[in-house]
>>> print(open('target.txt').read())   # compact mmCIF, C-alpha atoms and all ligand atoms
# COMPACT_ATOMS: atom_id res chain seq x y z
CA MET A 1 -4.14 22.55 -11.02
CA ARG A 2 -5.56 19.35 -12.50
CA VAL A 3 -4.13 16.28 -10.81
CA ALA A 4 -4.64 12.72 -12.01
CA LEU A 5 -5.29 10.33 -9.11
CA ILE A 6 -4.62 6.65 -9.65
CA SER A 7 -4.02 3.60 -7.50
CA ASP A 8 -3.46 -0.15 -7.74
CA VAL A 9 -2.24 -0.24 -11.33
CA HIS A 10 -0.98 -3.75 -10.60
CA ALA A 11 1.25 -4.07 -13.66
CA ASN A 12 -1.68 -3.80 -16.07
CA LEU A 13 -0.35 -1.66 -18.93
CA PRO A 14 -3.48 -1.62 -21.17
CA ALA A 15 -5.56 -0.41 -18.19
CA LEU A 16 -2.99 2.28 -17.33
CA GLU A 17 -2.81 3.47 -20.94
CA ALA A 18 -6.62 3.75 -21.12
CA VAL A 19 -6.74 5.75 -17.90
CA LEU A 20 -3.93 8.10 -18.95
CA GLU A 21 -5.62 8.69 -22.29
CA ALA A 22 -8.97 9.41 -20.61
CA LEU A 23 -7.27 11.88 -18.26
CA GLY A 24 -5.76 13.93 -21.07
CA THR A 25 -3.32 16.62 -20.05
CA CYS A 26 -2.86 16.98 -16.32
CA ASP A 27 -0.47 19.10 -14.27
CA ALA A 28 0.51 16.19 -12.04
CA LEU A 29 0.01 12.45 -11.62
CA TRP A 30 -0.27 11.07 -8.08
CA HIS A 31 -0.50 7.36 -7.27
CA MET A 32 -1.37 5.50 -4.08
CA GLY A 33 0.76 2.41 -4.64
CA ASP A 34 0.55 -1.19 -5.77
CA VAL A 35 2.11 -0.24 -9.06
CA VAL A 36 3.12 -3.89 -9.54
CA GLY A 37 1.85 -7.32 -8.48
CA TYR A 38 -0.87 -9.50 -10.08
CA GLY A 39 -0.33 -8.19 -13.63
CA PRO A 40 2.02 -9.04 -16.50
CA HIS A 41 3.73 -5.66 -17.15
CA PRO A 42 5.70 -4.58 -14.06
CA VAL A 43 8.65 -3.09 -15.95
CA GLU A 44 6.52 -1.38 -18.61
CA VAL A 45 4.16 0.13 -16.04
CA VAL A 46 6.99 1.53 -13.90
CA GLU A 47 8.66 2.97 -17.01
CA ARG A 48 5.37 4.55 -18.14
CA LEU A 49 4.74 6.11 -14.73
CA ALA A 50 8.32 7.32 -14.39
CA ALA A 51 8.12 8.90 -17.87
CA ALA A 52 4.85 10.61 -16.89
CA GLY A 53 6.52 12.05 -13.78
CA ALA A 54 4.23 10.19 -11.39
CA VAL A 55 4.81 10.63 -7.68
CA GLY A 56 3.31 8.46 -5.00
CA VAL A 57 3.65 5.88 -2.28
CA ARG A 58 4.54 2.24 -1.85
CA GLY A 59 1.92 -0.49 -1.65
CA ASN A 60 2.20 -3.91 -0.03
CA HIS A 61 2.80 -5.59 -3.40
CA ASP A 62 5.49 -3.03 -4.31
CA ALA A 63 7.23 -3.64 -0.98
CA ALA A 64 7.07 -7.41 -1.36
CA ALA A 65 8.33 -7.33 -4.96
CA VAL A 66 11.54 -5.59 -3.85
CA GLY A 67 11.94 -7.85 -0.80
CA ALA A 68 11.07 -5.18 1.78
CA ILE A 69 8.29 -7.29 3.33
CA ASP A 70 7.78 -11.03 3.53
CA THR A 71 5.54 -12.74 0.97
CA GLU A 72 4.18 -15.11 3.64
CA TRP A 73 1.49 -12.50 4.40
CA PHE A 74 -0.01 -12.86 0.94
CA ASN A 75 -2.41 -15.49 -0.36
CA GLU A 76 -1.09 -18.18 -2.68
CA ASP A 77 -2.01 -16.49 -6.00
CA ALA A 78 -0.73 -13.08 -4.90
CA ARG A 79 2.50 -14.65 -3.66
CA ARG A 80 3.10 -16.47 -6.93
CA ALA A 81 2.54 -13.23 -8.84
CA ILE A 82 4.93 -11.34 -6.54
CA GLU A 83 7.63 -13.98 -6.98
CA TRP A 84 7.22 -13.81 -10.76
CA THR A 85 7.34 -9.98 -10.57
CA ALA A 86 10.50 -9.98 -8.44
CA GLY A 87 12.22 -12.10 -11.09
CA ARG A 88 11.20 -9.71 -13.86
CA LEU A 89 12.32 -6.42 -12.29
CA GLU A 90 15.27 -4.64 -13.83
CA PRO A 91 17.67 -2.55 -11.71
CA ALA A 92 16.04 0.76 -12.72
CA THR A 93 12.53 -0.59 -12.01
CA ARG A 94 13.64 -1.94 -8.66
CA HIS A 95 15.24 1.37 -7.66
CA TRP A 96 12.11 3.30 -8.62
CA LEU A 97 9.95 1.01 -6.48
CA GLU A 98 12.42 1.02 -3.57
CA ALA A 99 12.42 4.82 -3.52
CA LEU A 100 8.64 5.04 -2.95
CA PRO A 101 7.86 6.39 0.55
CA GLU A 102 5.16 4.92 2.81
CA THR A 103 3.53 8.31 3.25
CA LEU A 104 3.75 11.42 1.13
CA ARG A 105 2.44 14.89 1.83
CA LEU A 106 1.60 17.05 -1.17
CA GLY A 107 0.02 20.38 -0.22
CA ASP A 108 -3.36 19.75 1.43
CA PHE A 109 -3.13 16.01 0.75
CA THR A 110 -1.55 13.03 2.48
CA LEU A 111 -1.05 9.96 0.29
CA VAL A 112 -0.91 6.44 1.73
CA HIS A 113 -1.62 3.03 0.24
CA GLY A 114 -3.67 1.46 3.03
CA SER A 115 -4.55 3.76 5.89
CA LEU A 116 -3.05 6.49 8.06
CA ARG A 117 -2.91 3.98 10.90
CA ASP A 118 -1.19 1.27 8.84
CA PRO A 119 -0.03 2.54 5.44
CA THR A 120 0.93 -0.92 4.19
CA TRP A 121 -1.85 -3.26 5.22
CA GLU A 122 -5.06 -1.73 6.57
CA TYR A 123 -8.09 -1.57 4.28
CA VAL A 124 -10.27 1.49 4.80
CA VAL A 125 -13.64 0.13 3.75
CA SER A 126 -15.89 1.15 6.62
CA ALA A 127 -16.79 4.28 8.52
CA SER A 128 -15.12 2.90 11.64
CA SER A 129 -11.75 2.24 9.98
CA ALA A 130 -12.04 5.61 8.19
CA ARG A 131 -12.60 7.36 11.53
CA GLU A 132 -9.21 6.11 12.80
CA SER A 133 -7.47 7.45 9.71
CA LEU A 134 -9.34 10.75 9.65
CA ALA A 135 -8.25 11.32 13.26
CA ARG A 136 -4.60 10.84 12.24
CA LEU A 137 -4.71 13.13 9.19
CA GLU A 138 -2.42 16.15 9.51
CA THR A 139 -3.65 17.60 6.23
CA PRO A 140 -7.28 18.37 5.30
CA TYR A 141 -7.52 15.44 2.90
CA GLY A 142 -6.16 11.92 2.59
CA LEU A 143 -5.73 9.88 -0.59
CA ILE A 144 -5.82 6.10 -0.22
CA GLY A 145 -5.88 2.91 -2.31
CA HIS A 146 -5.47 -0.78 -1.43
CA SER A 147 -9.17 -1.82 -1.40
CA HIS A 148 -9.56 -1.16 -5.15
CA LEU A 149 -12.98 0.35 -4.32
CA PRO A 150 -13.84 3.85 -5.51
CA CYS A 151 -15.22 5.39 -2.33
CA ALA A 152 -14.70 8.25 0.09
CA PHE A 153 -15.24 8.97 3.77
CA ARG A 154 -16.04 12.42 5.12
CA ASP A 155 -15.69 13.61 8.69
CA ASP A 156 -19.04 15.22 9.48
CA GLY A 157 -18.24 16.04 13.08
CA ASP A 158 -20.03 13.44 15.15
CA ARG A 159 -20.21 10.89 12.33
CA VAL A 160 -18.33 9.67 9.29
CA ILE A 161 -20.25 9.72 6.01
CA THR A 162 -19.47 7.09 3.36
CA LEU A 163 -19.63 8.27 -0.26
CA VAL A 164 -19.73 5.69 -3.03
CA ALA A 165 -18.64 6.42 -6.58
CA GLU A 166 -20.81 6.02 -9.57
CA ASP A 167 -19.54 7.03 -12.96
CA SER A 168 -18.47 10.69 -12.85
CA THR A 169 -19.62 11.36 -9.31
CA GLU A 170 -18.01 14.54 -8.08
CA ILE A 171 -17.21 15.50 -4.50
CA GLY A 172 -16.62 19.05 -3.33
CA LEU A 173 -13.65 19.65 -1.05
CA ASP A 174 -14.52 21.85 1.89
CA GLU A 175 -13.51 22.34 5.52
CA ARG A 176 -14.52 18.77 6.40
CA ARG A 177 -11.75 16.19 6.37
CA LEU A 178 -12.00 13.63 3.61
CA LEU A 179 -10.42 10.30 2.71
CA PHE A 180 -10.65 9.55 -0.99
CA ASN A 181 -9.98 6.34 -2.92
CA PRO A 182 -9.95 6.64 -6.74
CA GLY A 183 -10.50 2.87 -7.16
CA GLY A 184 -8.19 0.41 -8.86
CA VAL A 185 -6.71 0.95 -12.32
CA GLY A 186 -5.48 -2.55 -12.99
CA GLN A 187 -7.75 -4.82 -10.96
CA PRO A 188 -11.13 -3.24 -10.10
CA ARG A 189 -13.04 -5.05 -7.35
CA ASP A 190 -16.45 -3.38 -7.28
CA GLY A 191 -18.05 -5.57 -9.93
CA ASP A 192 -17.26 -3.14 -12.75
CA PRO A 193 -14.31 -4.43 -14.82
CA ARG A 194 -13.50 -1.03 -16.33
CA ALA A 195 -10.37 0.73 -15.10
CA ALA A 196 -10.97 3.36 -12.42
CA GLY A 197 -9.35 6.72 -11.72
CA ALA A 198 -10.12 10.23 -10.56
CA ILE A 199 -9.33 13.86 -11.26
CA LEU A 200 -8.57 16.44 -8.63
CA ASP A 201 -9.19 20.05 -9.59
CA THR A 202 -7.55 22.23 -6.96
CA GLU A 203 -9.07 25.51 -8.24
CA ALA A 204 -12.62 24.18 -8.36
CA ALA A 205 -11.92 22.20 -5.16
CA THR A 206 -13.45 19.01 -6.51
CA VAL A 207 -12.51 15.37 -6.99
CA ARG A 208 -14.30 13.34 -9.63
CA TRP A 209 -14.26 9.60 -10.23
CA PHE A 210 -14.35 8.13 -13.71
CA ARG A 211 -14.32 4.70 -15.38
CA VAL A 212 -12.86 3.74 -18.70
CA PRO A 213 -12.99 0.47 -20.66
CA TYR A 214 -9.71 -1.13 -21.70
CA PRO A 215 -8.79 -4.24 -23.72
CA ILE A 216 -8.99 -6.71 -20.82
CA GLU A 217 -8.23 -9.67 -23.12
CA GLN A 218 -4.81 -8.17 -23.97
CA THR A 219 -3.83 -8.18 -20.31
CA GLN A 220 -5.28 -11.67 -19.85
CA ALA A 221 -3.36 -13.02 -22.87
CA ALA A 222 -0.11 -11.55 -21.54
CA MET A 223 -0.80 -13.12 -18.13
CA ARG A 224 -1.46 -16.51 -19.72
CA GLU A 225 1.73 -16.27 -21.72
CA VAL A 226 3.89 -15.84 -18.62
CA GLY A 227 1.95 -18.39 -16.56
CA LEU A 228 0.33 -16.15 -13.93
CA PRO A 229 -2.39 -17.84 -11.81
CA ARG A 230 -5.66 -18.56 -13.61
CA ARG A 231 -7.84 -17.03 -10.92
CA LEU A 232 -6.03 -13.70 -11.30
CA ILE A 233 -6.61 -13.81 -15.05
CA GLU A 234 -10.31 -14.60 -14.75
CA ARG A 235 -11.19 -12.03 -12.12
CA LEU A 236 -10.30 -9.18 -14.48
CA SER A 237 -13.35 -10.10 -16.62
CA TYR A 238 -15.69 -9.52 -13.70
CA GLY A 239 -14.01 -6.70 -11.82
CA LEU A 240 -14.01 -8.76 -8.66
ZN ZN B 301 -3.73 -3.48 -4.65
>>> encode(input="target.txt", output="structure tokens")
Amino acid sequence: MRVALISDVHANLPALEAVLEALGTCDALWHMGDVVGYGPHPVEVVERLAAAGAVGVRGNHDAAAVGAIDTEWFNEDARRAIEWTAGRLEPATRHWLEALPETLRLGDFTLVHGSLRDPTWEYVVSASSARESLARLETPYGLIGHSHLPCAFRDDGDRVITLVAEDSTEIGLDERRLLFNPGGVGQPRDGDPRAAGAILDTEAATVRWFRVPYPIEQTQAAMREVGLPRRLIERLSYGL
């Protein structure tokens, strides 16, 4: 089975379209949350994912957009974007977001947005935070998002190994536990502005990162049109 792995689409439809096109035909589409927030296309992105049969979990921005968590925990720009998003949601979009679970088990994989310890808020960006999550995994592998950084952490017994993605880097899945982050579709933060995603091949037992360019200026123009914060518009150019 070929499974598309995506996270942090953040209401960026051109980035999502580019990633889905690069993926081609897949047997399933799994996402690790933050479908909305920051970007200008919350309704369109939810509709596109629903039409593609995507399954996944709720991110902190998704939860805030439907009023499930308080926006006071977000910085000023993120909060403004969430408030704008909340006003744009249609009933069907809202229901789709509200139905997302915090944690989802699919075969050998556990999906969370942040971490196994704190699915909503914790960033897994170091071996020490990864160790806490790896210890809580009840499946061989965990799929995470939230940091927007394509990276992975492998339990090597007495230590946790950090694996960093470069274009098309492939990781073999074996008996060692692994946490895997495909990177961010709609707001990359590793200095590469291209949209990020990954492919899981269950027969070959591999996961492979990839990057794909998308028309960033289209997303930026749409953000400008609806008055989203300037800093959020600019950061897309740099992938930071
Ligand atoms: Zn995010």
>>> closest_atom_pairs(input="target.txt", of="range 73-150 of chain A", to="range 11-16 of chain A", cutoff="12 Å", atoms="all atoms listed in the file", output="tab-separated table")
residue	atom	partner	partner_atom	distance
A:Ala81	CA	A:Ala11	CA	10.4
A:Ile82	CA	A:Ala11	CA	10.8
A:Trp84	CA	A:Ala11	CA	11.8
A:Thr85	CA	A:Ala11	CA	9.0
A:Arg88	CA	A:Ala11	CA	11.4
A:Leu89	CA	A:Ala11	CA	11.4
A:Thr93	CA	A:Ala11	CA	11.9
>>> closest_atom_pairs(input="target.txt", of="chain A", to="ligand ZN 301 (chain B)", cutoff="6 Å", atoms="only C-alpha atoms and all ligand atoms", output="JSON lines")
{"residue": "A:Asp8", "atom": "CA", "partner": "B:ZN301", "partner_atom": "ZN", "distance": 4.6}
{"residue": "A:Asp34", "atom": "CA", "partner": "B:ZN301", "partner_atom": "ZN", "distance": 5.0}
{"residue": "A:His146", "atom": "CA", "partner": "B:ZN301", "partner_atom": "ZN", "distance": 4.5}
>>> residues_around(input="target.txt", residues="Trp73 in chain A", least_positions_apart="4", cutoff="10 Å", atoms="only C-alpha atoms", output="ChimeraX atom specification")
/A:60,64,69,78-79,121
>>> closest_residue(input="target.txt", among="A:Glu217, A:Tyr238, A:Asp156, A:Ala50", to="Ala92 in chain A", atoms="only C-alpha atoms")
A:Ala50
>>> closest_residue(input="target.txt", among="A:Glu90, A:Asp108, A:Glu203, A:Glu83", to="Thr71 in chain A", atoms="only C-alpha atoms")
A:Glu83
>>> atom_distance(input="target.txt", atom1="CA of Ala18 in chain A", atom2="CA of Val164 in chain A")
22.4 Å
